[in-house]
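Source file: run-v9.pdb. Holds: PDB, N, CA and C atoms and all ligand atoms.
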ATOM      1  N   MET A 998      88.874 210.352  89.387
ATOM      2  CA  MET A 998      89.678 209.406  88.616
ATOM      3  C   MET A 998      88.809 208.749  87.550
ATOM      4  N   LYS A 999      89.379 208.510  86.388
ATOM      5  CA  LYS A 999      88.619 207.990  85.263
ATOM      6  C   LYS A 999      88.303 206.505  85.442
ATOM      7  N   THR A1000      87.033 206.151  85.243
ATOM      8  CA  THR A1000      86.627 204.753  85.299
ATOM      9  C   THR A1000      86.766 204.131  83.918
ATOM     10  N   CYS A1001      87.303 202.919  83.889
ATOM     11  CA  CYS A1001      87.469 202.167  82.646
ATOM     12  C   CYS A1001      86.725 200.841  82.789
ATOM     13  N   ILE A1002      86.296 200.286  81.679
ATOM     14  CA  ILE A1002      85.593 198.998  81.690
ATOM     15  C   ILE A1002      86.490 197.935  81.067
ATOM     16  N   VAL A1003      86.683 196.855  81.806
ATOM     17  CA  VAL A1003      87.400 195.683  81.291
ATOM     18  C   VAL A1003      86.333 194.650  80.928
ATOM     19  N   SER A1004      86.160 194.415  79.625
ATOM     20  CA  SER A1004      85.178 193.425  79.156
ATOM     21  C   SER A1004      85.901 192.126  78.848
ATOM     22  N   ILE A1005      85.371 191.043  79.360
ATOM     23  CA  ILE A1005      85.940 189.728  79.091
ATOM     24  C   ILE A1005      84.919 188.974  78.251
ATOM     25  N   VAL A1006      85.313 188.631  77.040
ATOM     26  CA  VAL A1006      84.393 188.049  76.074
ATOM     27  C   VAL A1006      83.678 186.829  76.666
ATOM     28  N   ASP A1007      82.376 186.810  76.542
ATOM     29  CA  ASP A1007      81.520 185.717  77.009
ATOM     30  C   ASP A1007      81.574 185.501  78.517
ATOM     31  N   GLN A1008      82.081 186.465  79.265
ATOM     32  CA  GLN A1008      82.136 186.275  80.719
ATOM     33  C   GLN A1008      81.511 187.434  81.483
ATOM     34  N   THR A1009      82.224 188.540  81.579
ATOM     35  CA  THR A1009      81.770 189.594  82.475
ATOM     36  C   THR A1009      82.387 190.933  82.097
ATOM     37  N   GLU A1010      81.953 191.961  82.755
ATOM     38  CA  GLU A1010      82.571 193.277  82.659
ATOM     39  C   GLU A1010      82.959 193.712  84.063
ATOM     40  N   ILE A1011      84.119 194.322  84.186
ATOM     41  CA  ILE A1011      84.613 194.769  85.484
ATOM     42  C   ILE A1011      84.957 196.251  85.381
ATOM     43  N   LYS A1012      84.525 197.022  86.371
ATOM     44  CA  LYS A1012      84.922 198.433  86.434
ATOM     45  C   LYS A1012      86.315 198.534  87.036
ATOM     46  N   ALA A1013      87.141 199.369  86.429
ATOM     47  CA  ALA A1013      88.498 199.591  86.921
ATOM     48  C   ALA A1013      88.779 201.082  86.872
ATOM     49  N   GLN A1014      89.887 201.466  87.448
ATOM     50  CA  GLN A1014      90.315 202.862  87.412
ATOM     51  C   GLN A1014      91.505 203.012  86.481
ATOM     52  N   PHE A1015      91.555 204.112  85.785
ATOM     53  CA  PHE A1015      92.725 204.454  84.972
ATOM     54  C   PHE A1015      93.980 204.268  85.831
ATOM     55  N   GLY A1016      94.948 203.523  85.318
ATOM     56  CA  GLY A1016      96.192 203.308  86.063
ATOM     57  C   GLY A1016      96.233 202.015  86.854
ATOM     58  N   ASP A1017      95.091 201.321  86.948
ATOM     59  CA  ASP A1017      95.081 200.035  87.669
ATOM     60  C   ASP A1017      95.893 198.990  86.914
ATOM     61  N   ASN A1018      96.442 198.030  87.635
ATOM     62  CA  ASN A1018      97.104 196.878  87.033
ATOM     63  C   ASN A1018      96.025 195.883  86.583
ATOM     64  N   LEU A1019      96.141 195.385  85.350
ATOM     65  CA  LEU A1019      95.091 194.522  84.798
ATOM     66  C   LEU A1019      94.966 193.208  85.563
ATOM     67  N   LEU A1020      96.055 192.581  85.917
ATOM     68  CA  LEU A1020      95.965 191.308  86.646
ATOM     69  C   LEU A1020      95.268 191.500  87.991
ATOM     70  N   THR A1021      95.578 192.571  88.664
ATOM     71  CA  THR A1021      94.938 192.855  89.946
ATOM     72  C   THR A1021      93.435 193.020  89.766
ATOM     73  N   VAL A1022      93.050 193.728  88.719
ATOM     74  CA  VAL A1022      91.620 193.924  88.455
ATOM     75  C   VAL A1022      90.941 192.579  88.170
ATOM     76  N   LEU A1023      91.607 191.732  87.384
ATOM     77  CA  LEU A1023      91.013 190.430  87.039
ATOM     78  C   LEU A1023      90.852 189.534  88.261
ATOM     79  N   ASN A1024      91.747 189.671  89.198
ATOM     80  CA  ASN A1024      91.738 188.730  90.321
ATOM     81  C   ASN A1024      91.213 189.313  91.630
ATOM     82  N   ASN A1025      90.956 190.603  91.673
ATOM     83  CA  ASN A1025      90.512 191.225  92.917
ATOM     84  C   ASN A1025      89.276 190.572  93.503
ATOM     85  N   GLN A1026      88.268 190.416  92.703
ATOM     86  CA  GLN A1026      87.019 189.880  93.221
ATOM     87  C   GLN A1026      86.686 188.514  92.653
ATOM     88  N   LYS A1027      87.174 188.236  91.466
ATOM     89  CA  LYS A1027      86.671 187.044  90.780
ATOM     90  C   LYS A1027      87.734 185.995  90.471
ATOM     91  N   ASN A1028      88.984 186.238  90.760
ATOM     92  CA  ASN A1028      90.049 185.258  90.479
ATOM     93  C   ASN A1028      89.929 184.683  89.075
ATOM     94  N   LEU A1029      90.013 185.555  88.092
ATOM     95  CA  LEU A1029      89.788 185.151  86.706
ATOM     96  C   LEU A1029      91.052 184.691  85.991
ATOM     97  N   SER A1030      92.222 184.945  86.528
ATOM     98  CA  SER A1030      93.446 184.637  85.789
ATOM     99  C   SER A1030      94.520 184.020  86.677
ATOM    100  N   LYS A1031      95.209 183.034  86.124
ATOM    101  CA  LYS A1031      96.381 182.489  86.806
ATOM    102  C   LYS A1031      97.481 183.545  86.813
ATOM    103  N   SER A1032      98.391 183.406  87.758
ATOM    104  CA  SER A1032      99.585 184.246  87.760
ATOM    105  C   SER A1032     100.681 183.513  88.518
ATOM    106  N   ALA A1033     101.909 183.911  88.257
ATOM    107  CA  ALA A1033     103.037 183.316  88.979
ATOM    108  C   ALA A1033     104.089 184.392  89.227
ATOM    109  N   CYS A1034     104.876 184.743  88.194
ATOM    110  CA  CYS A1034     106.016 185.649  88.413
ATOM    111  C   CYS A1034     105.594 187.094  88.676
ATOM    112  N   ARG A1035     104.529 187.507  88.048
ATOM    113  CA  ARG A1035     104.025 188.894  88.149
ATOM    114  C   ARG A1035     105.019 189.941  87.663
ATOM    115  N   ASN A1036     105.935 189.540  86.809
ATOM    116  CA  ASN A1036     106.863 190.529  86.244
ATOM    117  C   ASN A1036     107.115 190.336  84.749
ATOM    118  N   GLY A1037     106.236 189.589  84.068
ATOM    119  CA  GLY A1037     106.348 189.475  82.620
ATOM    120  C   GLY A1037     107.261 188.391  82.106
ATOM    121  N   ASN A1038     107.652 187.471  82.964
ATOM    122  CA  ASN A1038     108.611 186.444  82.544
ATOM    123  C   ASN A1038     108.019 185.059  82.305
ATOM    124  N   CYS A1039     106.930 184.708  82.967
ATOM    125  CA  CYS A1039     106.496 183.306  82.894
ATOM    126  C   CYS A1039     105.379 183.060  81.876
ATOM    127  N   ARG A1040     104.642 184.045  81.493
ATOM    128  CA  ARG A1040     103.552 184.035  80.520
ATOM    129  C   ARG A1040     102.307 183.282  80.960
ATOM    130  N   ILE A1041     102.225 182.852  82.202
ATOM    131  CA  ILE A1041     101.054 182.094  82.628
ATOM    132  C   ILE A1041      99.791 182.970  82.662
ATOM    133  N   CYS A1042      99.953 184.265  82.789
ATOM    134  CA  CYS A1042      98.791 185.157  82.880
ATOM    135  C   CYS A1042      98.301 185.642  81.521
ATOM    136  N   ARG A1043      98.947 185.223  80.452
ATOM    137  CA  ARG A1043      98.670 185.819  79.142
ATOM    138  C   ARG A1043      97.190 185.716  78.742
ATOM    139  N   CYS A1044      96.764 186.728  77.992
ATOM    140  CA  CYS A1044      95.439 186.738  77.385
ATOM    141  C   CYS A1044      95.540 187.590  76.134
ATOM    142  N   ARG A1045      94.468 187.608  75.358
ATOM    143  CA  ARG A1045      94.498 188.403  74.121
ATOM    144  C   ARG A1045      93.664 189.659  74.273
ATOM    145  N   LEU A1046      94.252 190.764  73.866
ATOM    146  CA  LEU A1046      93.571 192.057  73.852
ATOM    147  C   LEU A1046      92.949 192.227  72.468
ATOM    148  N   ILE A1047      91.623 192.347  72.422
ATOM    149  CA  ILE A1047      90.975 192.464  71.118
ATOM    150  C   ILE A1047      90.377 193.844  70.865
ATOM    151  N   LEU A1048      90.351 194.688  71.905
ATOM    152  CA  LEU A1048      89.869 196.057  71.715
ATOM    153  C   LEU A1048      90.518 196.962  72.755
ATOM    154  N   GLY A1049      90.959 198.122  72.355
ATOM    155  CA  GLY A1049      91.576 199.066  73.269
ATOM    156  C   GLY A1049      93.078 198.870  73.352
ATOM    157  N   VAL A1050      93.683 199.590  74.274
ATOM    158  CA  VAL A1050      95.134 199.503  74.458
ATOM    159  C   VAL A1050      95.443 199.406  75.954
ATOM    160  N   ILE A1051      96.587 198.800  76.251
ATOM    161  CA  ILE A1051      97.143 198.803  77.606
ATOM    162  C   ILE A1051      98.516 199.462  77.523
ATOM    163  N   ASN A1052      99.076 199.760  78.675
ATOM    164  CA  ASN A1052     100.397 200.388  78.712
ATOM    165  C   ASN A1052     101.317 199.547  79.583
ATOM    166  N   TYR A1053     102.461 199.145  79.051
ATOM    167  CA  TYR A1053     103.441 198.412  79.852
ATOM    168  C   TYR A1053     104.342 199.364  80.630
ATOM    169  N   GLN A1054     104.142 200.665  80.440
ATOM    170  CA  GLN A1054     105.015 201.682  81.036
ATOM    171  C   GLN A1054     106.463 201.339  80.702
ATOM    172  N   ASN A1055     107.319 201.163  81.663
ATOM    173  CA  ASN A1055     108.721 200.886  81.327
ATOM    174  C   ASN A1055     109.072 199.403  81.406
ATOM    175  N   LYS A1056     108.038 198.551  81.485
ATOM    176  CA  LYS A1056     108.281 197.107  81.581
ATOM    177  C   LYS A1056     108.247 196.479  80.189
ATOM    178  N   ILE A1057     108.896 195.324  80.065
ATOM    179  CA  ILE A1057     108.999 194.634  78.779
ATOM    180  C   ILE A1057     108.351 193.256  78.895
ATOM    181  N   PRO A1058     107.440 192.908  77.970
ATOM    182  CA  PRO A1058     106.798 191.587  78.026
ATOM    183  C   PRO A1058     107.739 190.503  77.489
ATOM    184  N   LEU A1059     108.740 190.169  78.281
ATOM    185  CA  LEU A1059     109.800 189.251  77.845
ATOM    186  C   LEU A1059     109.256 187.876  77.448
ATOM    187  N   ALA A1060     108.143 187.469  78.016
ATOM    188  CA  ALA A1060     107.622 186.123  77.774
ATOM    189  C   ALA A1060     106.831 186.011  76.473
ATOM    190  N   LEU A1061     106.661 187.100  75.752
ATOM    191  CA  LEU A1061     105.900 187.068  74.499
ATOM    192  C   LEU A1061     106.812 187.366  73.315
ATOM    193  N   SER A1062     106.644 186.578  72.236
ATOM    194  CA  SER A1062     107.388 186.867  71.015
ATOM    195  C   SER A1062     106.769 188.074  70.312
ATOM    196  N   ASP A1063     107.501 188.631  69.372
ATOM    197  CA  ASP A1063     106.959 189.745  68.590
ATOM    198  C   ASP A1063     105.687 189.316  67.869
ATOM    199  N   LYS A1064     105.690 188.075  67.334
ATOM    200  CA  LYS A1064     104.518 187.583  66.608
ATOM    201  C   LYS A1064     103.310 187.469  67.540
ATOM    202  N   GLU A1065     103.522 186.965  68.744
ATOM    203  CA  GLU A1065     102.411 186.866  69.698
ATOM    204  C   GLU A1065     101.857 188.250  70.024
ATOM    205  N   GLN A1066     102.741 189.222  70.172
ATOM    206  CA  GLN A1066     102.276 190.575  70.469
ATOM    207  C   GLN A1066     101.484 191.147  69.294
ATOM    208  N   GLU A1067     101.933 190.844  68.067
ATOM    209  CA  GLU A1067     101.183 191.291  66.885
ATOM    210  C   GLU A1067      99.801 190.649  66.852
ATOM    211  N   GLN A1068      99.697 189.414  67.389
ATOM    212  CA  GLN A1068      98.414 188.711  67.422
ATOM    213  C   GLN A1068      97.524 189.181  68.571
ATOM    214  N   GLY A1069      98.023 190.094  69.380
ATOM    215  CA  GLY A1069      97.206 190.673  70.439
ATOM    216  C   GLY A1069      97.451 190.105  71.819
ATOM    217  N   TRP A1070      98.366 189.148  71.955
ATOM    218  CA  TRP A1070      98.635 188.590  73.283
ATOM    219  C   TRP A1070      99.290 189.640  74.162
ATOM    220  N   ILE A1071      98.842 189.705  75.403
ATOM    221  CA  ILE A1071      99.404 190.639  76.384
ATOM    222  C   ILE A1071      99.652 189.904  77.692
ATOM    223  N   LEU A1072     100.397 190.540  78.580
ATOM    224  CA  LEU A1072     100.662 189.994  79.909
ATOM    225  C   LEU A1072     100.007 190.917  80.942
ATOM    226  N   PRO A1073      98.852 190.521  81.473
ATOM    227  CA  PRO A1073      98.137 191.377  82.426
ATOM    228  C   PRO A1073      98.941 191.777  83.656
ATOM    229  N   CYS A1074      99.898 190.948  84.067
ATOM    230  CA  CYS A1074     100.639 191.258  85.305
ATOM    231  C   CYS A1074     101.471 192.526  85.180
ATOM    232  N   ILE A1075     101.832 192.908  83.953
ATOM    233  CA  ILE A1075     102.610 194.145  83.777
ATOM    234  C   ILE A1075     101.833 195.182  82.970
ATOM    235  N   SER A1076     100.519 194.971  82.831
ATOM    236  CA  SER A1076      99.687 195.862  82.014
ATOM    237  C   SER A1076      98.962 196.888  82.878
ATOM    238  N   THR A1077      99.090 198.130  82.498
ATOM    239  CA  THR A1077      98.354 199.205  83.156
ATOM    240  C   THR A1077      97.151 199.574  82.299
ATOM    241  N   ILE A1078      96.007 199.707  82.933
ATOM    242  CA  ILE A1078      94.776 200.061  82.227
ATOM    243  C   ILE A1078      94.754 201.563  81.954
ATOM    244  N   VAL A1079      94.563 201.913  80.685
ATOM    245  CA  VAL A1079      94.543 203.337  80.307
ATOM    246  C   VAL A1079      93.278 203.694  79.517
ATOM    247  N   GLY A1080      92.287 202.788  79.538
ATOM    248  CA  GLY A1080      91.034 203.043  78.846
ATOM    249  C   GLY A1080      90.212 201.763  78.825
ATOM    250  N   ASP A1081      89.047 201.832  78.187
ATOM    251  CA  ASP A1081      88.206 200.637  78.081
ATOM    252  C   ASP A1081      88.917 199.599  77.219
ATOM    253  N   ILE A1082      88.852 198.325  77.639
ATOM    254  CA  ILE A1082      89.470 197.251  76.864
ATOM    255  C   ILE A1082      88.540 196.053  76.801
ATOM    256  N   LYS A1083      88.787 195.219  75.802
ATOM    257  CA  LYS A1083      88.087 193.933  75.701
ATOM    258  C   LYS A1083      89.147 192.862  75.541
ATOM    259  N   ILE A1084      89.063 191.811  76.366
ATOM    260  CA  ILE A1084      90.056 190.738  76.323
ATOM    261  C   ILE A1084      89.384 189.383  76.197
ATOM    262  N   THR A1085      90.167 188.368  75.788
ATOM    263  CA  THR A1085      89.660 187.005  75.661
ATOM    264  C   THR A1085      90.812 186.036  75.900
ATOM    265  N   ASP A1086      90.511 184.760  75.854
ATOM    266  CA  ASP A1086      91.517 183.695  76.010
ATOM    267  C   ASP A1086      92.295 183.791  77.312
ATOM    268  N   LEU A1087      91.567 184.083  78.402
ATOM    269  CA  LEU A1087      92.207 184.078  79.718
ATOM    270  C   LEU A1087      92.621 182.670  80.100
ATOM    271  N   ASN A1088      93.617 182.570  80.939
ATOM    272  CA  ASN A1088      94.088 181.312  81.486
ATOM    273  C   ASN A1088      93.525 181.229  82.907
ATOM    274  N   PRO A1089      92.318 180.692  83.061
ATOM    275  CA  PRO A1089      91.622 180.857  84.338
ATOM    276  C   PRO A1089      92.152 179.954  85.443
ATOM    277  N   LEU A1090      91.934 180.401  86.648
ATOM    278  CA  LEU A1090      92.190 179.565  87.808
ATOM    279  C   LEU A1090      91.100 178.506  87.855
ATOM    280  N   LYS A1091      91.501 177.265  88.039
ATOM    281  CA  LYS A1091      90.490 176.200  88.175
ATOM    282  C   LYS A1091      89.950 176.187  89.609
ATOM    283  N   THR A1092      90.863 176.378  90.533
ATOM    284  CA  THR A1092      90.479 176.418  91.938
ATOM    285  C   THR A1092      91.111 177.641  92.543
ATOM    286  N   LYS A1093      90.345 178.406  93.278
ATOM    287  CA  LYS A1093      90.841 179.647  93.851
ATOM    288  C   LYS A1093      92.160 179.416  94.589
ATOM    289  N   GLY A1094      93.172 180.194  94.222
ATOM    290  CA  GLY A1094      94.424 180.179  94.939
ATOM    291  C   GLY A1094      95.407 179.101  94.523
ATOM    292  N   THR A1095      95.106 178.297  93.498
ATOM    293  CA  THR A1095      96.046 177.263  93.091
ATOM    294  C   THR A1095      96.401 177.442  91.625
ATOM    295  N   LEU A1096      97.553 176.967  91.244
ATOM    296  CA  LEU A1096      97.990 176.999  89.872
ATOM    297  C   LEU A1096      97.820 175.620  89.276
ATOM    298  N   LYS A1097      97.163 175.537  88.137
ATOM    299  CA  LYS A1097      97.003 174.242  87.470
ATOM    300  C   LYS A1097      97.456 174.351  86.051
TER
HETATM  301  S1  LIG A1101     102.419 186.220  85.973
HETATM  302 FE1  LIG A1101     104.232 185.685  84.903
HETATM  303  S2  LIG A1101     104.084 186.767  82.999
HETATM  304 FE2  LIG A1101     102.352 187.400  84.136
END
Could the structure of this file be written out as structure tokens, please?
Ligand code: FES
Amino acid sequence: MKTCIVSIVDQTEIKAQFGDNLLTVLNNQKNLSKSACRNGNCRICRCRLILGVINYQNKIPLALSDKEQEQGWILPCISTIVGDIKITDLNPLKTKGTLK
């Protein structure tokens, strides 16, 4: 299976597998991103993709406007990793397991 690198600007790099869900990768070991609905509706997990592409497959990022998507905002909870990416502007968890 193809290994992909998720780079988070000024933070870290995480190894992932082609086809992994981005939110799962961000939170598996390091709890780097808030989440709530996990289906693209609440936008709490949003971050900006500055390099590479993700795939929403058949899901729709309902919580993002067209303009936000043009600016690079993505929803990791419905994003499938299909190659190396670089992201920024994560909405981090302040305390593990809580939403703030
Ligand atoms: S967790 Fe709600 S849009 Fe991602």
Listed atoms of ligand LIG 1101 (chain A) boxed along x, y and z, 3 Å each side, centre and edge lengths in Å, one decimal, as lines of an AutoDock Vina configuration file:
center_x = 103.3
center_y = 186.5
center_z = 84.5
size_x = 7.9
size_y = 7.7
size_z = 9.0
Give me the result of the PyMOL selection byres (((chain A and resi 1035-1038) around 8) and not hetatm) on this file, residue by residue, as a ChimeraX atom specification.
-> /A:1032-1034,1039-1042,1056-1061,1072-1076
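You will find CA of Asn1025 (chain A) at 14.5 Å from CA of Ile1002 (chain A).
When CA of Asn1088 (chain A) is paired with CA of Ala1013 (chain A), their separation reads 19.9 Å.
Among the candidates A:Leu1087, A:Ile1082, A:Ile1011, A:Leu1046, the residue lying nearest to Glu1067 (chain A) is A:Leu1046 (atoms considered: only C-alpha atoms).
Taken over the shown file, the PyMOL selection byres (((chain A and resi 1012) around 8) and not hetatm) identifies A:Thr1000, A:Cys1001, A:Ile1002, A:Val1003, A:Ser1004, A:Thr1009, A:Glu1010, A:Ile1011, A:Ala1013, A:Gln1014, A:Phe1015, A:Val1022.
Our summary of the geometry notes that CA of Glu1065 (chain A) is positioned 22.8 Å from atom C of Thr1021 (chain A).
With only C-alpha atoms and all ligand atoms as the atoms that count, the residue of A:Asp1017, A:Arg1043, A:Met998, A:Val1079 with the shortest distance to ligand LIG 1101 (chain A) is A:Arg1043.
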Write down as a ChimeraX atom specification the residues of region 1014-1068 of chain A whose backbone DSSP state falls under helix (DSSP H, G or I).
-> /A:1019-1025,1063-1067
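Shortest separation to ligand LIG 1101 (chain A) among A:Leu1020, A:Ile1078, A:Ile1047, A:Leu1029 occurs at residue A:Leu1020, atoms counted being only N, CA and C atoms and all ligand atoms.
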Which residues in region 1029-1089 of chain A does DSSP call strand (DSSP E)? List them as JSON, numbers by chain.
-> {"A": [1044, 1045, 1046, 1047, 1048, 1051, 1052, 1070, 1071, 1077, 1078, 1082, 1083, 1084, 1085]}
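Counting all atoms listed in the file and comparing A:Leu1048, A:Asn1024, A:Gly1080, A:Lys1031, the residue that lies closest to ligand LIG 1101 (chain A) is A:Lys1031.
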Applied to this file, what does the PyMOL selection byres (((chain A and resi 1085 and name CA) around 7) and not hetatm and name CA) return in terms of residues, put as a list in words?
-> Ile1005, Val1006, Cys1044, Arg1045, Leu1046, Ile1084, Asp1086 and Leu1087 of chain A
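Among A:Gln1008, A:Thr1077, A:Ser1030, A:Asn1055, the residue with the shortest atom-to-atom distance to ligand LIG 1101 (chain A), counting only C-alpha atoms and all ligand atoms, is A:Ser1030.
Using all atoms listed in the file, the nearest neighbour of ligand LIG 1101 (chain A) within the list A:Lys999, A:Ile1071, A:Gly1049, A:Asn1028 is A:Ile1071.
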Select region 1062-1093 of chain A in the preceding structure and write N, CA and C atoms to a file as a PDB file, in the first residue's frame.
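To be explicit, this is the file written out as part_17.pdb:
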ATOM      1  N   SER A1062     -18.308  27.167   2.011  1.00  0.00           N
ATOM      2  CA  SER A1062     -18.794  27.884   0.837  1.00  0.00           C
ATOM      3  C   SER A1062     -17.862  27.623  -0.346  1.00  0.00           C
ATOM      4  N   ASP A1063     -18.328  27.952  -1.530  1.00  0.00           N
ATOM      5  CA  ASP A1063     -17.476  27.811  -2.715  1.00  0.00           C
ATOM      6  C   ASP A1063     -16.214  28.651  -2.562  1.00  0.00           C
ATOM      7  N   LYS A1064     -16.371  29.872  -2.004  1.00  0.00           N
ATOM      8  CA  LYS A1064     -15.216  30.756  -1.832  1.00  0.00           C
ATOM      9  C   LYS A1064     -14.204  30.146  -0.861  1.00  0.00           C
ATOM     10  N   GLU A1065     -14.683  29.572   0.229  1.00  0.00           N
ATOM     11  CA  GLU A1065     -13.766  28.934   1.181  1.00  0.00           C
ATOM     12  C   GLU A1065     -13.017  27.783   0.516  1.00  0.00           C
ATOM     13  N   GLN A1066     -13.715  27.019  -0.307  1.00  0.00           N
ATOM     14  CA  GLN A1066     -13.054  25.909  -0.989  1.00  0.00           C
ATOM     15  C   GLN A1066     -12.003  26.423  -1.972  1.00  0.00           C
ATOM     16  N   GLU A1067     -12.313  27.539  -2.647  1.00  0.00           N
ATOM     17  CA  GLU A1067     -11.325  28.140  -3.553  1.00  0.00           C
ATOM     18  C   GLU A1067     -10.098  28.606  -2.777  1.00  0.00           C
ATOM     19  N   GLN A1068     -10.309  29.019  -1.509  1.00  0.00           N
ATOM     20  CA  GLN A1068      -9.200  29.474  -0.669  1.00  0.00           C
ATOM     21  C   GLN A1068      -8.419  28.311  -0.059  1.00  0.00           C
ATOM     22  N   GLY A1069      -8.853  27.095  -0.322  1.00  0.00           N
ATOM     23  CA  GLY A1069      -8.109  25.927   0.133  1.00  0.00           C
ATOM     24  C   GLY A1069      -8.659  25.263   1.376  1.00  0.00           C
ATOM     25  N   TRP A1070      -9.748  25.781   1.940  1.00  0.00           N
ATOM     26  CA  TRP A1070     -10.311  25.149   3.136  1.00  0.00           C
ATOM     27  C   TRP A1070     -10.882  23.788   2.781  1.00  0.00           C
ATOM     28  N   ILE A1071     -10.620  22.819   3.639  1.00  0.00           N
ATOM     29  CA  ILE A1071     -11.136  21.459   3.456  1.00  0.00           C
ATOM     30  C   ILE A1071     -11.710  20.959   4.773  1.00  0.00           C
ATOM     31  N   LEU A1072     -12.446  19.862   4.703  1.00  0.00           N
ATOM     32  CA  LEU A1072     -13.004  19.222   5.891  1.00  0.00           C
ATOM     33  C   LEU A1072     -12.349  17.844   6.042  1.00  0.00           C
ATOM     34  N   PRO A1073     -11.382  17.721   6.948  1.00  0.00           N
ATOM     35  CA  PRO A1073     -10.669  16.449   7.109  1.00  0.00           C
ATOM     36  C   PRO A1073     -11.558  15.252   7.417  1.00  0.00           C
ATOM     37  N   CYS A1074     -12.704  15.479   8.055  1.00  0.00           N
ATOM     38  CA  CYS A1074     -13.550  14.335   8.449  1.00  0.00           C
ATOM     39  C   CYS A1074     -14.101  13.582   7.247  1.00  0.00           C
ATOM     40  N   ILE A1075     -14.197  14.247   6.093  1.00  0.00           N
ATOM     41  CA  ILE A1075     -14.694  13.553   4.895  1.00  0.00           C
ATOM     42  C   ILE A1075     -13.625  13.484   3.807  1.00  0.00           C
ATOM     43  N   SER A1076     -12.368  13.744   4.185  1.00  0.00           N
ATOM     44  CA  SER A1076     -11.272  13.779   3.211  1.00  0.00           C
ATOM     45  C   SER A1076     -10.504  12.462   3.194  1.00  0.00           C
ATOM     46  N   THR A1077     -10.339  11.925   2.016  1.00  0.00           N
ATOM     47  CA  THR A1077      -9.521  10.730   1.832  1.00  0.00           C
ATOM     48  C   THR A1077      -8.156  11.144   1.301  1.00  0.00           C
ATOM     49  N   ILE A1078      -7.115  10.595   1.885  1.00  0.00           N
ATOM     50  CA  ILE A1078      -5.749  10.906   1.468  1.00  0.00           C
ATOM     51  C   ILE A1078      -5.404  10.120   0.206  1.00  0.00           C
ATOM     52  N   VAL A1079      -4.964  10.845  -0.819  1.00  0.00           N
ATOM     53  CA  VAL A1079      -4.622  10.188  -2.094  1.00  0.00           C
ATOM     54  C   VAL A1079      -3.208  10.561  -2.559  1.00  0.00           C
ATOM     55  N   GLY A1080      -2.420  11.155  -1.649  1.00  0.00           N
ATOM     56  CA  GLY A1080      -1.052  11.523  -1.980  1.00  0.00           C
ATOM     57  C   GLY A1080      -0.491  12.393  -0.865  1.00  0.00           C
ATOM     58  N   ASP A1081       0.749  12.841  -1.047  1.00  0.00           N
ATOM     59  CA  ASP A1081       1.356  13.719  -0.045  1.00  0.00           C
ATOM     60  C   ASP A1081       0.600  15.043  -0.016  1.00  0.00           C
ATOM     61  N   ILE A1082       0.363  15.570   1.197  1.00  0.00           N
ATOM     62  CA  ILE A1082      -0.323  16.853   1.331  1.00  0.00           C
ATOM     63  C   ILE A1082       0.364  17.703   2.386  1.00  0.00           C
ATOM     64  N   LYS A1083       0.117  19.000   2.290  1.00  0.00           N
ATOM     65  CA  LYS A1083       0.570  19.934   3.328  1.00  0.00           C
ATOM     66  C   LYS A1083      -0.635  20.748   3.751  1.00  0.00           C
ATOM     67  N   ILE A1084      -0.874  20.824   5.066  1.00  0.00           N
ATOM     68  CA  ILE A1084      -2.033  21.552   5.582  1.00  0.00           C
ATOM     69  C   ILE A1084      -1.616  22.550   6.647  1.00  0.00           C
ATOM     70  N   THR A1085      -2.505  23.517   6.935  1.00  0.00           N
ATOM     71  CA  THR A1085      -2.249  24.519   7.965  1.00  0.00           C
ATOM     72  C   THR A1085      -3.585  24.964   8.548  1.00  0.00           C
ATOM     73  N   ASP A1086      -3.524  25.845   9.519  1.00  0.00           N
ATOM     74  CA  ASP A1086      -4.724  26.419  10.153  1.00  0.00           C
ATOM     75  C   ASP A1086      -5.656  25.369  10.735  1.00  0.00           C
ATOM     76  N   LEU A1087      -5.057  24.366  11.398  1.00  0.00           N
ATOM     77  CA  LEU A1087      -5.875  23.373  12.094  1.00  0.00           C
ATOM     78  C   LEU A1087      -6.598  24.011  13.265  1.00  0.00           C
ATOM     79  N   ASN A1088      -7.709  23.435  13.639  1.00  0.00           N
ATOM     80  CA  ASN A1088      -8.484  23.849  14.793  1.00  0.00           C
ATOM     81  C   ASN A1088      -8.165  22.843  15.903  1.00  0.00           C
ATOM     82  N   PRO A1089      -7.116  23.096  16.681  1.00  0.00           N
ATOM     83  CA  PRO A1089      -6.600  22.037  17.549  1.00  0.00           C
ATOM     84  C   PRO A1089      -7.449  21.796  18.790  1.00  0.00           C
ATOM     85  N   LEU A1090      -7.333  20.599  19.292  1.00  0.00           N
ATOM     86  CA  LEU A1090      -7.911  20.277  20.585  1.00  0.00           C
ATOM     87  C   LEU A1090      -7.059  20.954  21.646  1.00  0.00           C
ATOM     88  N   LYS A1091      -7.708  21.630  22.571  1.00  0.00           N
ATOM     89  CA  LYS A1091      -6.946  22.243  23.675  1.00  0.00           C
ATOM     90  C   LYS A1091      -6.638  21.181  24.737  1.00  0.00           C
ATOM     91  N   THR A1092      -7.626  20.350  24.973  1.00  0.00           N
ATOM     92  CA  THR A1092      -7.456  19.273  25.940  1.00  0.00           C
ATOM     93  C   THR A1092      -7.931  18.004  25.288  1.00  0.00           C
ATOM     94  N   LYS A1093      -7.153  16.956  25.387  1.00  0.00           N
ATOM     95  CA  LYS A1093      -7.488  15.700  24.735  1.00  0.00           C
ATOM     96  C   LYS A1093      -8.922  15.283  25.061  1.00  0.00           C
TER      97      LYS A1093
END
